[in-house]
file coords-v7.cif (mmCIF, C-alpha atoms)
data_upload
loop_
_atom_site.label_atom_id
_atom_site.label_comp_id
_atom_site.auth_asym_id
_atom_site.auth_seq_id
_atom_site.Cartn_x
_atom_site.Cartn_y
_atom_site.Cartn_z
CA MET A 1299 34.82 18.41 10.53
CA PRO A 1300 35.04 17.19 6.92
CA LEU A 1301 36.65 13.83 6.32
CA PRO A 1302 40.24 13.98 5.06
CA VAL A 1303 40.06 13.36 1.32
CA THR A 1304 42.00 10.30 0.26
CA LEU A 1305 41.87 8.16 -2.86
CA LEU A 1306 39.26 5.93 -1.20
CA THR A 1307 37.05 8.72 0.15
CA ASP A 1308 37.28 10.55 -3.16
CA ALA A 1309 36.17 7.40 -5.03
CA LEU A 1310 33.29 6.92 -2.58
CA GLY A 1311 32.31 10.54 -3.01
CA TRP A 1312 32.21 10.22 -6.78
CA GLY A 1313 30.38 6.91 -6.52
CA PHE A 1314 27.65 8.20 -4.23
CA GLY A 1315 27.49 11.41 -6.25
CA ALA A 1316 26.97 9.51 -9.49
CA MET A 1317 24.19 7.45 -7.94
CA SER A 1318 22.54 10.62 -6.63
CA ALA A 1319 22.64 12.14 -10.12
CA VAL A 1320 20.94 9.07 -11.54
CA GLY A 1321 18.48 9.24 -8.66
CA ALA A 1322 17.67 12.89 -9.38
CA LEU A 1323 16.86 12.02 -13.01
CA TYR A 1324 14.76 9.10 -11.82
CA THR A 1325 12.90 11.38 -9.41
CA LEU A 1326 12.01 13.82 -12.19
CA ALA A 1327 10.83 10.88 -14.29
CA ALA A 1328 8.67 9.76 -11.36
CA ALA A 1329 7.07 13.20 -11.15
CA ASP A 1330 6.34 13.10 -14.87
CA SER A 1331 4.93 9.57 -14.56
CA ALA A 1332 2.56 10.70 -11.82
CA ARG A 1333 1.38 13.65 -13.88
CA ARG A 1334 0.84 11.55 -17.01
CA PHE A 1335 -0.87 8.60 -15.33
CA PHE A 1336 -3.62 10.65 -13.75
CA ALA A 1337 -3.94 13.45 -16.31
CA ALA A 1338 -4.30 11.03 -19.22
CA ARG A 1339 -6.98 9.02 -17.45
CA GLY A 1340 -9.07 11.70 -15.83
CA GLY A 1341 -7.42 12.87 -12.59
CA GLY A 1342 -6.46 11.78 -9.13
CA GLU A 1343 -8.56 10.99 -6.11
CA GLY A 1344 -12.26 11.38 -6.79
CA GLU A 1345 -11.89 11.66 -10.57
CA GLY A 1346 -11.77 9.42 -13.61
CA GLY A 1347 -11.89 5.65 -13.66
CA GLU A 1348 -13.99 3.04 -15.40
CA ARG A 1349 -17.76 2.97 -15.50
CA ILE A 1350 -20.05 -0.04 -15.67
CA GLY A 1351 -21.75 -0.73 -18.97
CA GLY A 1352 -25.08 -2.47 -18.46
CA PRO A 1353 -26.65 -3.72 -15.20
CA ALA A 1354 -24.42 -3.48 -12.15
CA PRO A 1355 -23.59 -6.91 -10.69
CA ALA A 1356 -24.20 -7.68 -7.02
CA VAL A 1357 -21.10 -7.15 -4.88
CA THR A 1358 -19.87 -8.53 -1.56
CA VAL A 1359 -17.29 -6.36 0.19
CA LEU A 1360 -15.05 -8.32 2.56
CA ARG A 1361 -13.62 -6.28 5.43
CA PRO A 1362 -11.40 -8.18 7.91
CA LEU A 1363 -11.08 -6.17 11.13
CA HIS A 1364 -8.70 -6.16 14.07
CA GLY A 1365 -9.48 -3.76 16.87
CA ALA A 1366 -11.22 -0.39 16.96
CA GLU A 1367 -8.89 1.54 14.69
CA PRO A 1368 -9.29 5.34 14.60
CA GLY A 1369 -12.09 6.37 12.25
CA LEU A 1370 -13.24 2.78 11.67
CA ALA A 1371 -16.95 3.62 11.91
CA ALA A 1372 -16.65 6.30 9.23
CA ARG A 1373 -14.71 4.02 6.89
CA LEU A 1374 -17.29 1.25 7.24
CA ARG A 1375 -20.18 3.67 6.82
CA ALA A 1376 -18.65 4.88 3.55
CA LEU A 1377 -19.09 1.37 2.15
CA THR A 1378 -22.82 1.46 2.93
CA ILE A 1379 -23.53 4.74 1.10
CA GLN A 1380 -21.94 3.92 -2.23
CA GLU A 1381 -23.23 5.41 -5.48
CA TYR A 1382 -23.65 1.93 -6.90
CA ALA A 1383 -26.65 0.63 -8.82
CA GLY A 1384 -26.42 -3.04 -7.84
CA PRO A 1385 -27.00 -4.92 -4.57
CA VAL A 1386 -24.22 -4.51 -1.99
CA GLN A 1387 -23.33 -6.75 0.94
CA VAL A 1388 -20.61 -5.74 3.40
CA VAL A 1389 -19.14 -8.54 5.52
CA CYS A 1390 -17.01 -7.56 8.51
CA GLY A 1391 -15.17 -10.10 10.61
CA VAL A 1392 -13.03 -10.42 13.72
CA GLN A 1393 -11.21 -13.34 15.29
CA ALA A 1394 -11.79 -12.62 18.97
CA HIS A 1395 -15.04 -12.42 20.91
CA ASP A 1396 -13.78 -9.40 22.84
CA ASP A 1397 -12.59 -7.44 19.81
CA PRO A 1398 -13.73 -3.81 20.27
CA ALA A 1399 -14.59 -3.59 16.56
CA ILE A 1400 -17.65 -5.75 17.26
CA ALA A 1401 -19.49 -2.92 19.01
CA ILE A 1402 -18.76 -0.54 16.13
CA VAL A 1403 -20.12 -2.95 13.54
CA LYS A 1404 -23.22 -3.74 15.62
CA ASP A 1405 -23.98 -0.03 16.02
CA LEU A 1406 -23.71 0.43 12.26
CA ILE A 1407 -25.99 -2.56 11.62
CA ALA A 1408 -28.62 -1.01 13.90
CA GLU A 1409 -28.18 2.34 12.14
CA LEU A 1410 -28.73 0.77 8.71
CA GLU A 1411 -31.79 -1.18 9.85
CA ALA A 1412 -33.32 1.91 11.42
CA GLY A 1413 -32.75 3.90 8.24
CA GLY A 1414 -34.09 1.23 5.92
CA SER A 1415 -30.81 0.94 4.03
CA PRO A 1416 -30.79 -1.56 1.13
CA VAL A 1417 -27.19 -2.48 1.99
CA ARG A 1418 -26.79 -5.71 3.93
CA LEU A 1419 -24.13 -5.59 6.65
CA ASP A 1420 -23.04 -8.87 8.26
CA LEU A 1421 -20.70 -9.51 11.18
CA VAL A 1422 -18.68 -12.71 11.53
CA VAL A 1423 -16.98 -13.54 14.84
CA ASP A 1424 -14.89 -16.67 14.32
CA THR A 1425 -11.71 -17.60 16.19
CA THR A 1426 -10.71 -20.31 13.71
CA ARG A 1427 -7.16 -19.93 12.41
CA HIS A 1428 -6.28 -21.36 9.03
CA GLY A 1429 -2.61 -20.40 8.76
CA ALA A 1430 0.11 -17.96 9.80
CA ASN A 1431 -1.48 -15.02 7.99
CA ALA A 1432 -4.14 -13.77 10.41
CA LYS A 1433 -5.82 -11.50 7.88
CA ILE A 1434 -6.31 -14.29 5.36
CA SER A 1435 -7.59 -16.57 8.14
CA ASN A 1436 -10.17 -13.90 8.91
CA VAL A 1437 -11.12 -13.57 5.24
CA ILE A 1438 -11.60 -17.33 4.90
CA ASN A 1439 -14.07 -17.15 7.76
CA LEU A 1440 -15.91 -14.26 6.09
CA MET A 1441 -16.50 -16.28 2.94
CA ALA A 1442 -18.97 -18.48 4.83
CA VAL A 1443 -21.59 -15.71 4.56
CA ALA A 1444 -20.56 -14.05 1.27
CA ARG A 1445 -23.63 -13.93 -0.98
CA HIS A 1446 -22.51 -12.47 -4.32
CA GLU A 1447 -20.34 -13.38 -7.26
CA VAL A 1448 -18.22 -10.22 -7.31
CA LEU A 1449 -15.90 -9.97 -4.28
CA VAL A 1450 -14.09 -6.81 -3.18
CA LEU A 1451 -11.53 -7.34 -0.41
CA ALA A 1452 -10.07 -4.25 1.25
CA ASP A 1453 -7.91 -3.83 4.34
CA SER A 1454 -9.55 -2.32 7.40
CA ASP A 1455 -7.42 0.83 7.20
CA ILE A 1456 -8.58 1.82 3.71
CA ALA A 1457 -10.87 4.85 3.21
CA VAL A 1458 -12.90 5.16 0.00
CA GLY A 1459 -15.10 7.65 -1.80
CA ALA A 1460 -18.78 7.25 -2.68
CA ASP A 1461 -18.06 6.03 -6.22
CA TYR A 1462 -15.44 3.48 -5.20
CA LEU A 1463 -17.46 0.36 -6.03
CA ALA A 1464 -18.68 1.79 -9.34
CA ARG A 1465 -15.12 2.38 -10.48
CA VAL A 1466 -13.67 -0.85 -9.20
CA VAL A 1467 -16.43 -3.05 -10.60
CA GLY A 1468 -16.35 -1.04 -13.82
CA ALA A 1469 -12.65 -1.83 -14.24
CA LEU A 1470 -13.30 -5.49 -13.43
CA SER A 1471 -15.95 -5.67 -16.16
CA ARG A 1472 -13.43 -4.94 -18.90
CA PRO A 1473 -12.58 -7.87 -21.19
CA GLY A 1474 -9.56 -9.85 -20.05
CA VAL A 1475 -9.41 -8.34 -16.55
CA GLY A 1476 -9.30 -10.90 -13.75
CA LEU A 1477 -8.53 -8.67 -10.76
CA VAL A 1478 -8.61 -4.97 -9.87
CA THR A 1479 -6.38 -3.30 -7.32
CA CYS A 1480 -5.99 0.34 -6.25
CA LEU A 1481 -3.16 2.75 -5.62
CA TYR A 1482 -3.31 4.50 -2.27
CA ARG A 1483 -2.14 7.62 -0.46
CA GLY A 1484 -1.17 8.18 3.16
CA ASP A 1485 -4.01 9.32 5.41
CA PRO A 1486 -2.86 10.56 8.87
CA VAL A 1487 -5.32 10.15 11.73
CA ASP A 1488 -4.14 13.44 13.21
CA ALA A 1489 -2.92 15.98 10.66
CA GLY A 1490 -0.79 17.60 13.37
CA SER A 1491 1.10 14.45 14.31
CA PHE A 1492 4.73 14.53 13.19
CA TRP A 1493 5.18 10.76 13.01
CA GLN A 1494 1.86 10.18 11.27
CA ASP A 1495 2.87 12.78 8.71
CA GLN A 1496 6.17 10.96 8.22
CA ALA A 1497 4.34 7.66 7.75
CA ALA A 1498 2.01 9.25 5.19
CA ARG A 1499 4.94 10.79 3.33
CA ALA A 1500 6.53 7.35 2.97
CA VAL A 1501 3.45 6.30 1.01
CA ASP A 1502 2.90 9.54 -0.93
CA HIS A 1503 6.47 10.50 -1.83
CA HIS A 1504 8.28 7.13 -2.02
CA PHE A 1505 5.95 4.17 -2.54
CA LEU A 1506 3.42 5.79 -4.90
CA PRO A 1507 5.94 7.39 -7.32
CA ASN A 1508 7.93 4.17 -7.56
CA VAL A 1509 4.82 2.19 -8.49
CA LEU A 1510 3.86 4.76 -11.12
CA VAL A 1511 7.30 4.57 -12.74
CA GLY A 1512 7.06 0.78 -12.72
CA LEU A 1513 3.63 0.92 -14.37
CA ARG A 1514 4.84 3.36 -17.01
CA LEU A 1515 7.80 1.15 -17.91
CA GLY A 1516 5.81 -2.05 -17.72
CA LEU A 1517 8.02 -3.35 -14.92
CA ALA A 1518 5.56 -3.24 -12.00
CA LYS A 1519 3.14 -6.11 -11.40
CA PRO A 1520 1.20 -4.61 -8.50
CA CYS A 1521 -1.58 -6.02 -6.40
CA PHE A 1522 -2.30 -4.27 -3.11
CA GLY A 1523 -4.34 -5.06 -0.02
CA SER A 1524 -5.98 -1.65 -0.48
CA THR A 1525 -8.32 -3.37 -2.94
CA ILE A 1526 -8.50 -6.86 -4.40
CA ALA A 1527 -11.61 -7.22 -6.56
CA LEU A 1528 -12.34 -10.41 -8.46
CA THR A 1529 -15.14 -12.83 -9.15
CA ASP A 1530 -15.81 -15.91 -7.08
CA GLU A 1531 -15.10 -17.98 -10.18
CA THR A 1532 -11.63 -16.46 -10.60
CA LEU A 1533 -10.95 -16.90 -6.89
CA GLY A 1534 -11.76 -20.59 -7.19
CA ARG A 1535 -9.39 -20.97 -10.13
CA ILE A 1536 -6.46 -19.68 -8.05
CA GLY A 1537 -7.22 -22.00 -5.13
CA GLY A 1538 -9.39 -19.73 -3.01
CA PHE A 1539 -8.09 -17.58 -0.18
CA ALA A 1540 -6.78 -20.71 1.56
CA ALA A 1541 -3.95 -20.90 -0.99
CA PHE A 1542 -2.46 -17.74 0.57
CA ARG A 1543 -2.94 -18.47 4.27
CA ASP A 1544 0.78 -18.70 5.10
CA ILE A 1545 2.12 -16.00 2.76
CA LEU A 1546 3.24 -12.62 4.10
CA ALA A 1547 2.65 -10.77 0.80
CA ASP A 1548 -0.75 -12.37 0.20
CA ASP A 1549 -1.93 -9.52 -2.02
CA HIS A 1550 1.06 -9.78 -4.37
CA ALA A 1551 0.70 -13.55 -4.52
CA MET A 1552 -2.98 -13.26 -5.49
CA GLY A 1553 -2.10 -10.89 -8.30
CA MET A 1554 0.57 -13.24 -9.62
CA ALA A 1555 -1.83 -16.18 -9.44
CA VAL A 1556 -4.45 -14.30 -11.47
CA ARG A 1557 -1.86 -13.26 -14.06
CA ALA A 1558 -0.78 -16.91 -14.32
CA LEU A 1559 -4.31 -17.62 -15.59
CA GLY A 1560 -3.68 -15.25 -18.50
CA LEU A 1561 -5.85 -12.52 -16.99
CA ALA A 1562 -4.87 -8.92 -16.38
CA VAL A 1563 -4.66 -7.06 -13.08
CA ALA A 1564 -6.10 -3.58 -13.64
CA VAL A 1565 -5.07 -0.44 -11.73
CA PRO A 1566 -7.74 2.28 -12.15
CA PRO A 1567 -6.53 5.90 -12.19
CA PHE A 1568 -7.59 6.96 -8.71
CA VAL A 1569 -6.28 6.54 -5.19
CA VAL A 1570 -7.87 5.43 -1.94
CA GLY A 1571 -6.77 6.47 1.54
CA HIS A 1572 -4.44 4.35 3.68
CA LEU A 1573 -4.62 5.03 7.41
CA ALA A 1574 -1.38 6.24 9.00
CA PRO A 1575 -1.94 5.83 12.76
CA GLU A 1576 1.72 5.55 13.85
CA SER A 1577 2.37 7.82 16.82
CA SER A 1578 6.05 7.12 17.45
CA LEU A 1579 9.30 6.43 15.66
CA GLY A 1580 9.20 2.82 16.83
CA ALA A 1581 5.76 2.27 15.32
CA VAL A 1582 6.86 3.82 12.03
CA LEU A 1583 9.96 1.62 11.89
CA ASP A 1584 8.07 -1.57 12.77
CA HIS A 1585 5.61 -1.00 9.94
CA GLU A 1586 8.11 0.15 7.34
CA LEU A 1587 10.69 -2.54 8.05
CA ARG A 1588 8.00 -5.22 7.60
CA TRP A 1589 6.93 -3.48 4.42
CA ALA A 1590 10.52 -3.20 3.13
CA ARG A 1591 11.33 -6.80 4.03
CA THR A 1592 8.26 -7.93 2.11
CA ILE A 1593 9.23 -5.98 -1.02
CA ARG A 1594 12.84 -7.18 -0.82
CA GLY A 1595 11.66 -10.76 -0.63
CA LEU A 1596 9.48 -10.36 -3.73
CA ASP A 1597 12.20 -8.88 -5.96
CA PRO A 1598 15.68 -8.84 -4.35
CA GLY A 1599 17.47 -7.50 -7.43
CA GLY A 1600 14.96 -4.79 -8.16
CA TYR A 1601 14.84 -3.79 -4.52
CA ALA A 1602 18.63 -3.45 -4.36
CA GLY A 1603 18.53 -1.32 -7.50
CA SER A 1604 15.99 0.97 -5.90
CA ILE A 1605 18.85 2.58 -4.01
CA VAL A 1606 18.78 5.26 -6.73
CA THR A 1607 15.33 6.32 -5.52
CA HIS A 1608 17.11 7.95 -2.54
CA PRO A 1609 19.03 10.78 -4.24
CA VAL A 1610 19.21 13.17 -1.29
CA PRO A 1611 20.85 10.76 1.21
CA LEU A 1612 23.17 9.53 -1.57
CA ALA A 1613 24.17 13.10 -2.37
CA LEU A 1614 24.76 13.79 1.33
CA LEU A 1615 27.06 10.77 1.54
CA GLY A 1616 28.82 11.90 -1.63
CA ALA A 1617 29.38 15.37 -0.19
CA ILE A 1618 30.72 13.99 3.09
CA PHE A 1619 33.19 11.65 1.39
CA ALA A 1620 34.20 14.33 -1.14
CA GLY A 1621 35.02 16.79 1.63
CA TRP A 1622 32.08 19.03 0.69
CA HIS A 1623 33.68 19.85 -2.65
CA ALA A 1624 31.76 22.29 -4.85
CA TRP A 1625 30.67 19.60 -7.33
CA SER A 1626 29.24 17.48 -4.51
CA LEU A 1627 27.24 20.43 -3.17
CA LEU A 1628 25.90 21.05 -6.68
CA LEU A 1629 24.71 17.44 -6.88
CA LEU A 1630 23.13 17.78 -3.44
CA GLY A 1631 21.24 20.86 -4.62
CA LEU A 1632 20.04 19.06 -7.74
CA ALA A 1633 18.86 16.09 -5.67
CA VAL A 1634 16.93 18.32 -3.27
CA ALA A 1635 15.37 20.24 -6.16
CA ALA A 1636 14.26 17.03 -7.90
CA ARG A 1637 12.67 15.70 -4.73
CA LEU A 1638 10.81 18.98 -4.22
CA VAL A 1639 9.42 18.79 -7.76
CA LEU A 1640 8.17 15.27 -7.08
CA GLN A 1641 6.64 16.15 -3.73
CA VAL A 1642 4.80 19.18 -5.10
CA THR A 1643 3.51 17.12 -8.04
CA ILE A 1644 2.20 14.37 -5.78
CA ASP A 1645 0.62 16.77 -3.29
CA ALA A 1646 -1.05 18.90 -5.95
CA ARG A 1647 -2.24 16.30 -8.45
CA ILE A 1648 -2.78 13.07 -6.54
CA THR A 1649 -3.14 13.35 -2.77
CA ARG A 1650 -4.96 16.69 -3.17
CA SER A 1651 -3.32 17.89 0.04
CA ARG A 1652 -2.06 21.37 0.67
CA PRO A 1653 1.65 21.74 -0.09
CA ARG A 1654 3.70 20.45 2.82
CA TRP A 1655 7.11 21.42 4.07
CA PRO A 1656 9.90 19.65 2.17
CA GLY A 1657 10.22 16.06 3.39
CA LEU A 1658 14.01 15.87 3.57
CA ILE A 1659 13.92 14.26 7.03
CA ARG A 1660 11.58 11.66 5.56
CA ASP A 1661 14.06 11.05 2.72
CA VAL A 1662 16.85 10.27 5.16
CA LEU A 1663 14.61 8.05 7.30
CA SER A 1664 13.48 6.11 4.22
CA PHE A 1665 17.09 5.51 3.24
CA LEU A 1666 17.90 4.20 6.72
CA VAL A 1667 14.92 1.81 6.49
CA PHE A 1668 16.18 0.68 3.08
CA VAL A 1669 19.64 -0.10 4.44
CA ALA A 1670 18.32 -1.76 7.61
CA SER A 1671 15.96 -4.02 5.63
CA PHE A 1672 18.94 -6.02 4.35
CA GLY A 1673 19.80 -7.10 7.88
CA ILE A 1674 16.43 -8.26 9.21
CA ARG A 1675 15.02 -11.77 9.12
CA ARG A 1676 12.00 -11.20 11.32
CA VAL A 1677 9.05 -8.84 11.12
CA SER A 1678 6.43 -7.60 13.58
CA TRP A 1679 2.76 -7.75 12.66
CA ARG A 1680 -0.08 -6.91 15.03
CA GLY A 1681 2.00 -7.62 18.11
CA GLN A 1682 3.46 -10.93 16.92
CA ARG A 1683 6.92 -11.74 15.59
CA PHE A 1684 7.43 -13.81 12.44
CA SER A 1685 10.42 -15.16 10.59
CA VAL A 1686 10.07 -14.95 6.82
CA LYS A 1687 11.26 -17.86 4.69
CA SER A 1688 12.80 -17.50 1.25
CA ASP A 1689 9.54 -18.46 -0.47
CA GLY A 1690 7.63 -15.64 1.24
CA THR A 1691 5.85 -17.81 3.78
CA MET A 1692 6.06 -16.78 7.40
CA VAL A 1693 6.43 -18.77 10.58
CA PRO A 1694 5.58 -17.41 14.06
CA VAL A 1695 8.76 -17.08 16.10
CA GLY A 1696 9.18 -20.20 18.19
CA GLU A 1697 7.29 -22.53 15.83
CA ASN A 1698 8.86 -25.05 13.46
CA GLY A 1699 12.27 -23.49 13.45
CA GLY A 1700 10.99 -19.96 13.47
CA SER A 1701 12.75 -19.05 16.68
#

call {"tool": "encode", "arguments": {"input": "coords-v7.cif", "output": "structure tokens"}}
result
Amino acid sequence: MPLPVTLLTDALGWGFGAMSAVGALYTLAAADSARRFFAARGGGEGEGGERIGGPAPAVTVLRPLHGAEPGLAARLRALTIQEYAGPVQVVCGVQAHDDPAIAIVKDLIAELEAGGSPVRLDLVVDTTRHGANAKISNVINLMAVARHEVLVLADSDIAVGADYLARVVGALSRPGVGLVTCLYRGDPVDAGSFWQDQAARAVDHHFLPNVLVGLRLGLAKPCFGSTIALTDETLGRIGGFAAFRDILADDHAMGMAVRALGLAVAVPPFVVGHLAPESSLGAVLDHELRWARTIRGLDPGGYAGSIVTHPVPLALLGAIFAGWHAWSLLLLGLAVAARLVLQVTIDARITRSRPRWPGLIRDVLSFLVFVASFGIRRVSWRGQRFSVKSDGTMVPVGENGGS
């Protein structure tokens, strides 16, 4: 039954309706930003990007691993068959002697040796912990065997094309650029999995458009774990990886540190794949609440203002409080239409996926995650609970007041 319309409910209806109208306009702007960003620079995944002028520098790719993730062998193999003219070293590392990723890496090493590959693949097994951030601890251990001046750090769940290194290093070679990072799309392990599709949609239809709008307006200062490419000299100037060992948003902090040197962080016009292995609602919520809490901590005001990026749930609330009045239904229709335009644009021009069914369930779930993120103080990461301090550092629950 519709709510009885009172002065309060009517005001709430108009308020939510107004925000949904702003959100619909924002959504159309996001679709246009996506189209412009990639069309003006040569396309989406697998197209465009910088090229290296002159000899290609030697590159060390750092790949911290944790467990035998689905498709890990294929993602690692892709790094060994790059269309790159310079020497390439890939360093993989784990922090447990029984980590199942070890066998995968050893098999790939044997495969490369048997095939006479020029790519050097190294495995580091080191249990040393350097701080609360397990990934950065792993990366610090990897640096012991890194051989080359150009470093490319990428999360274990990132999938890349054959020209990935050429583009990334090409962008890094531009004057004034101190670091290169990459946009990414959702990449479900199983295309038929409902929850993996929902996780991928969160990246494709919410995260990615918001970043593109921020880049267009000059408001976004992104740096993502999907790719962090920089020289060893620049890394030393920002304190090395050890400077970020206790920070939850280590990637963002590295980008800010490089910018503080007066250097630019470049975002080439292509996307890499980001694994979406979540197989349940609980797994999706754990990941996205940690993600949302991280973003809220980086920019509380901007994050609160991002409520307008949820026009469909806002329009639904407006319609409920307005007693399903005709004007509220019109706003709901406009919000749905705007979201469909954005989703079709992203799917056709950037993720290169076949058009998917409208993600209105995903829109509602994303709004619930947004609201819930204001009430959480702890996050889950790889089976461990952390409390996040106001400065972005994290403390394992039960340690130094983190309980």

call {"tool": "closest_residue", "arguments": {"input": "coords-v7.cif", "among": "A:Gly1631, A:Pro1566, A:Gly1595, A:Pro1353", "to": "A:Ala1469", "atoms": "all atoms listed in the file"}}
result
A:Pro1566

call {"tool": "residues_around", "arguments": {"input": "coords-v7.cif", "residues": "A:Val1478", "least_positions_apart": "5", "cutoff": "7 Å", "atoms": "all atoms listed in the file", "output": "mmCIF file with C-alpha atoms, in the coordinates of the input"}}
result
data_model
loop_
_atom_site.group_PDB
_atom_site.id
_atom_site.type_symbol
_atom_site.label_atom_id
_atom_site.label_comp_id
_atom_site.auth_asym_id
_atom_site.auth_seq_id
_atom_site.Cartn_x
_atom_site.Cartn_y
_atom_site.Cartn_z
ATOM 1 C CA VAL A 1466 -13.670 -0.850 -9.200
ATOM 2 C CA ALA A 1469 -12.650 -1.830 -14.240
ATOM 3 C CA LEU A 1470 -13.300 -5.490 -13.430
ATOM 4 C CA ILE A 1526 -8.500 -6.860 -4.400
ATOM 5 C CA ALA A 1527 -11.610 -7.220 -6.560
ATOM 6 C CA LEU A 1528 -12.340 -10.410 -8.460
ATOM 7 C CA VAL A 1563 -4.660 -7.060 -13.080
ATOM 8 C CA ALA A 1564 -6.100 -3.580 -13.640
ATOM 9 C CA VAL A 1565 -5.070 -0.440 -11.730
#

call {"tool": "residues_around", "arguments": {"input": "coords-v7.cif", "residues": "stretch 1490-1496 of chain A", "least_positions_apart": "2", "cutoff": "12 Å", "atoms": "only C-alpha atoms", "output": "PyMOL selection string"}}
result
chain A and resi 1483-1488+1498-1504+1572-1583+1585-1586+1651+1654-1664

call {"tool": "closest_residue", "arguments": {"input": "coords-v7.cif", "among": "A:Arg1465, A:Arg1418, A:Arg1591, A:Arg1647", "to": "A:Ile1379", "atoms": "all atoms listed in the file"}}
result
A:Arg1418

call {"tool": "resolve_selection", "arguments": {"input": "coords-v7.cif", "expression": "the PyMOL selection byres ((chain A and resi 1436) around 7)", "output": "short mmCIF file (atom, residue, chain, number, x, y, z; two decimals) with C-alpha atoms, in the coordinates of the input"}}
result
data_model
loop_
_atom_site.label_atom_id
_atom_site.label_comp_id
_atom_site.auth_asym_id
_atom_site.auth_seq_id
_atom_site.Cartn_x
_atom_site.Cartn_y
_atom_site.Cartn_z
CA PRO A 1362 -11.40 -8.18 7.91
CA GLY A 1391 -15.17 -10.10 10.61
CA VAL A 1392 -13.03 -10.42 13.72
CA GLN A 1393 -11.21 -13.34 15.29
CA ALA A 1432 -4.14 -13.77 10.41
CA LYS A 1433 -5.82 -11.50 7.88
CA ILE A 1434 -6.31 -14.29 5.36
CA SER A 1435 -7.59 -16.57 8.14
CA VAL A 1437 -11.12 -13.57 5.24
CA ILE A 1438 -11.60 -17.33 4.90
CA ASN A 1439 -14.07 -17.15 7.76
CA LEU A 1440 -15.91 -14.26 6.09
#

call {"tool": "resolve_selection", "arguments": {"input": "coords-v7.cif", "expression": "the PyMOL selection byres ((chain A and resi 1367) around 10)", "output": "list in words"}}
result
Leu1363, His1364, Gly1365, Ala1366, Pro1368, Gly1369, Leu1370, Ala1371, Pro1398, Ala1399, Ser1454, Asp1455, Val1487, Leu1573 and Pro1575 of chain A

call {"tool": "write_last_selection", "arguments": {"input": "coords-v7.cif", "atoms": "C-alpha atoms", "output": "CSV table (one decimal), in the coordinates of the input"}}
result
chain,number,residue,atom,x,y,z
A,1363,LEU,CA,-11.1,-6.2,11.1
A,1364,HIS,CA,-8.7,-6.2,14.1
A,1365,GLY,CA,-9.5,-3.8,16.9
A,1366,ALA,CA,-11.2,-0.4,17.0
A,1368,PRO,CA,-9.3,5.3,14.6
A,1369,GLY,CA,-12.1,6.4,12.2
A,1370,LEU,CA,-13.2,2.8,11.7
A,1371,ALA,CA,-17.0,3.6,11.9
A,1398,PRO,CA,-13.7,-3.8,20.3
A,1399,ALA,CA,-14.6,-3.6,16.6
A,1454,SER,CA,-9.6,-2.3,7.4
A,1455,ASP,CA,-7.4,0.8,7.2
A,1487,VAL,CA,-5.3,10.2,11.7
A,1573,LEU,CA,-4.6,5.0,7.4
A,1575,PRO,CA,-1.9,5.8,12.8

call {"tool": "closest_residue", "arguments": {"input": "coords-v7.cif", "among": "A:Gly1311, A:Pro1611, A:Gly1429, A:Pro1416", "to": "A:Asp1544", "atoms": "all atoms listed in the file"}}
result
A:Gly1429

call {"tool": "resolve_selection", "arguments": {"input": "coords-v7.cif", "expression": "the PyMOL selection byres ((chain A and resi 1374) around 10)", "output": "CSV table (one decimal) with C-alpha atoms, in the frame of the given file"}}
result
chain,number,residue,atom,x,y,z
A,1361,ARG,CA,-13.6,-6.3,5.4
A,1369,GLY,CA,-12.1,6.4,12.2
A,1370,LEU,CA,-13.2,2.8,11.7
A,1371,ALA,CA,-17.0,3.6,11.9
A,1372,ALA,CA,-16.6,6.3,9.2
A,1373,ARG,CA,-14.7,4.0,6.9
A,1375,ARG,CA,-20.2,3.7,6.8
A,1376,ALA,CA,-18.6,4.9,3.6
A,1377,LEU,CA,-19.1,1.4,2.2
A,1378,THR,CA,-22.8,1.5,2.9
A,1379,ILE,CA,-23.5,4.7,1.1
A,1388,VAL,CA,-20.6,-5.7,3.4
A,1390,CYS,CA,-17.0,-7.6,8.5
A,1402,ILE,CA,-18.8,-0.5,16.1
A,1403,VAL,CA,-20.1,-3.0,13.5
A,1406,LEU,CA,-23.7,0.4,12.3
A,1419,LEU,CA,-24.1,-5.6,6.6
A,1454,SER,CA,-9.6,-2.3,7.4
A,1455,ASP,CA,-7.4,0.8,7.2
A,1456,ILE,CA,-8.6,1.8,3.7
A,1457,ALA,CA,-10.9,4.8,3.2
A,1458,VAL,CA,-12.9,5.2,0.0
